[in-house]
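Asker: This is the structure, below, for whatever I ask next.
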Amino acid sequence: GLLLASIGGGVAEDGVQQAAAGEAKATPRLPRFVSLKSDKVNVRRGPSTDQAIVWVFSRAGLPVEIIAESDNWRRVRDSEGADGWVFHSLLSSRRTVLITPWSKGSSSVPLYASRSTGSRAVAALQAGVLGNVLNCDGEWCEVSVDDYSGYVEQDKLWGVYRDEEVK
């Protein structure tokens with residue numbers, strides 16, 4: 001039965017992809033960044049509630065990258081490279097970023113008053129800090145973190161692509 005369901009699912013997915021190709025403007029691109037809507041988001045082995053929960057995200061607002069889609073399911077990857085399937089309604093199009101999640105140790109990233117490394121640093125952001133994206137120009141992102149807002153060099157953020165513009 002499982003094999004037949006799997007084959008049937010493949011046919012349905014192909015039909016969906018063909019329909020989507022006709023309305024390319026409405027189809028969001030892959031990959032793309034989104035954020036988690038709630039503090040408890042189950043990540044499953046496959047795109048179904050029948051699939052095992054492999055882990056649970058526990059941080060609302062966390063940015064994740066959608067790398068595949070299947071009906072109402074999204075395959076997401078986190079900043080550590082782990083991936084799994086999440087139901088679409090648990091994701092938000094609100095853009096958020098993590099400050100240099102790849103760096104270990106005590107280095108911080110300056111939050112600048114303007115789009116220049118010569119401007120005043122408003123705050124020092126530790127690795128792993130979560131920020132809200134206000135906009136990005138491909139080189140700098142304006143972000144807010146708690147009561148602070150300012151500019152961070154885009155290549156120091158996980159949750160936006162290098163050179164991506166975010167309005």
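We label chains A, B, ... in the order they appear in the structure tokens, count residues from 1 in each chain, and number ligands from 1 in the order shown.
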If you count only C-alpha atoms, which residues fall within 10 Å of range 115-121 of chain A, apart from same-chain ones fewer than 3 positions away, as an NGL selection string?

Answerer: :A and (109-112 or 124 or 137 or 139-142 or 150-153)

Asker: Excluding range 28-31 of chain A and its own-chain neighbours fewer than 2 positions away, which residues fall within 7 Å of it when counting only C-alpha atoms? Please give them as a compact mmCIF listing (two decimals) with N, CA, C and O atoms, in the first residue's frame.

Answerer:
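Now in selection.txt:
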# COMPACT_ATOMS: atom_id res chain seq x y z
N ALA A 26 2.79 33.84 -9.47
CA ALA A 26 2.23 33.62 -8.14
C ALA A 26 3.05 32.61 -7.33
O ALA A 26 2.88 32.49 -6.14
N GLU A 65 15.14 28.27 5.90
CA GLU A 65 15.17 28.35 4.45
C GLU A 65 14.30 27.25 3.87
O GLU A 65 14.51 26.08 4.19
N ILE A 66 13.31 27.60 3.05
CA ILE A 66 12.50 26.59 2.36
C ILE A 66 13.30 26.10 1.17
O ILE A 66 13.68 26.89 0.31
N ILE A 67 13.56 24.78 1.13
CA ILE A 67 14.35 24.21 0.04
C ILE A 67 13.54 23.30 -0.87
O ILE A 67 14.00 22.92 -1.95
N ALA A 68 12.31 22.94 -0.45
CA ALA A 68 11.42 22.13 -1.29
C ALA A 68 10.00 22.30 -0.78
O ALA A 68 9.78 22.71 0.36

Asker: Give me the residues near Arg162 in chain A as a list in words, where near means some atom within 8 Å (using only C-alpha atoms) and where sequence neighbours in that chain fewer than 6 positions away do not count.

Answerer: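 The contact residues come out as Gly138, Glu139, Gln154 and Asp155 of chain A.
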
Asker: How would the residues just picked look written out with all heavy atoms as a PDB file, in the first residue's frame?

Answerer:
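Writing the result to part.pdb gives the following:
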ATOM      1  N   GLY A 138      21.235  44.708  -0.409  1.00  0.00           N
ATOM      2  CA  GLY A 138      22.193  43.839  -1.074  1.00  0.00           C
ATOM      3  C   GLY A 138      23.562  43.873  -0.411  1.00  0.00           C
ATOM      4  O   GLY A 138      24.364  42.971  -0.579  1.00  0.00           O
ATOM      5  N   GLU A 139      23.797  44.913   0.372  1.00  0.00           N
ATOM      6  CA  GLU A 139      25.066  45.047   1.084  1.00  0.00           C
ATOM      7  C   GLU A 139      24.845  45.233   2.584  1.00  0.00           C
ATOM      8  O   GLU A 139      25.581  44.710   3.405  1.00  0.00           O
ATOM      9  CB  GLU A 139      25.828  46.246   0.516  1.00  0.00           C
ATOM     10  CG  GLU A 139      27.287  46.270   0.890  1.00  0.00           C
ATOM     11  CD  GLU A 139      28.035  47.425   0.226  1.00  0.00           C
ATOM     12  OE1 GLU A 139      27.592  47.900  -0.846  1.00  0.00           O
ATOM     13  OE2 GLU A 139      29.061  47.855   0.791  1.00  0.00           O
ATOM     14  N   GLN A 154      25.294  42.749   5.421  1.00  0.00           N
ATOM     15  CA  GLN A 154      24.437  41.630   5.024  1.00  0.00           C
ATOM     16  C   GLN A 154      25.144  40.279   5.104  1.00  0.00           C
ATOM     17  O   GLN A 154      24.535  39.273   5.422  1.00  0.00           O
ATOM     18  CB  GLN A 154      23.915  41.889   3.594  1.00  0.00           C
ATOM     19  CG  GLN A 154      22.668  41.112   3.260  1.00  0.00           C
ATOM     20  CD  GLN A 154      21.843  41.793   2.183  1.00  0.00           C
ATOM     21  OE1 GLN A 154      21.818  43.011   2.090  1.00  0.00           O
ATOM     22  NE2 GLN A 154      21.162  41.013   1.380  1.00  0.00           N
ATOM     23  N   ASP A 155      26.460  40.247   4.865  1.00  0.00           N
ATOM     24  CA  ASP A 155      27.162  38.957   4.885  1.00  0.00           C
ATOM     25  C   ASP A 155      27.403  38.428   6.302  1.00  0.00           C
ATOM     26  O   ASP A 155      27.954  37.358   6.480  1.00  0.00           O
ATOM     27  CB  ASP A 155      28.473  39.021   4.083  1.00  0.00           C
ATOM     28  CG  ASP A 155      29.473  40.022   4.651  1.00  0.00           C
ATOM     29  OD1 ASP A 155      29.211  40.637   5.707  1.00  0.00           O
ATOM     30  OD2 ASP A 155      30.538  40.184   4.036  1.00  0.00           O
TER      31      ASP A 155
END

Asker: Running DSSP on the backbone, which parts of chain A land in strand (DSSP E or B), as a PyMOL selection string?

Answerer: chain A and resi 32-36+41-44+53-57+63-70+73-77+83-87+91-92+96-99+108-112+121-126+130-137+140-145+148-153+157-158+165-166

Asker: Could you tell me which of A:Ile53, A:Ser35, A:Thr100, A:Arg59 comes closest to Glu80 in chain A if we count only C-alpha atoms?

Answerer: A:Thr100

Asker: At what distance in Å, to one decimal, does CA of Gln51 in chain A lie from CA of Arg75 in chain A?

Answerer: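 Computed distance, CA of Arg75 in chain A to CA of Gln51 in chain A, equals 13.0 Å.
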
Asker: Pick out the residues sitting within 12 Å of Ser106 in chain A, and hand them over as JSON, numbers by chain; count only C-alpha atoms, and ignore anything fewer than 5 positions along from it in its own chain.

Answerer: {"A": [100, 101, 124, 125, 126, 127, 128]}

Asker: Determine the nearest neighbour of Gly46 in chain A from the options A:Thr27, A:Ser58, A:Ser103, A:Asn72, counting only C-alpha atoms.

Answerer: A:Asn72
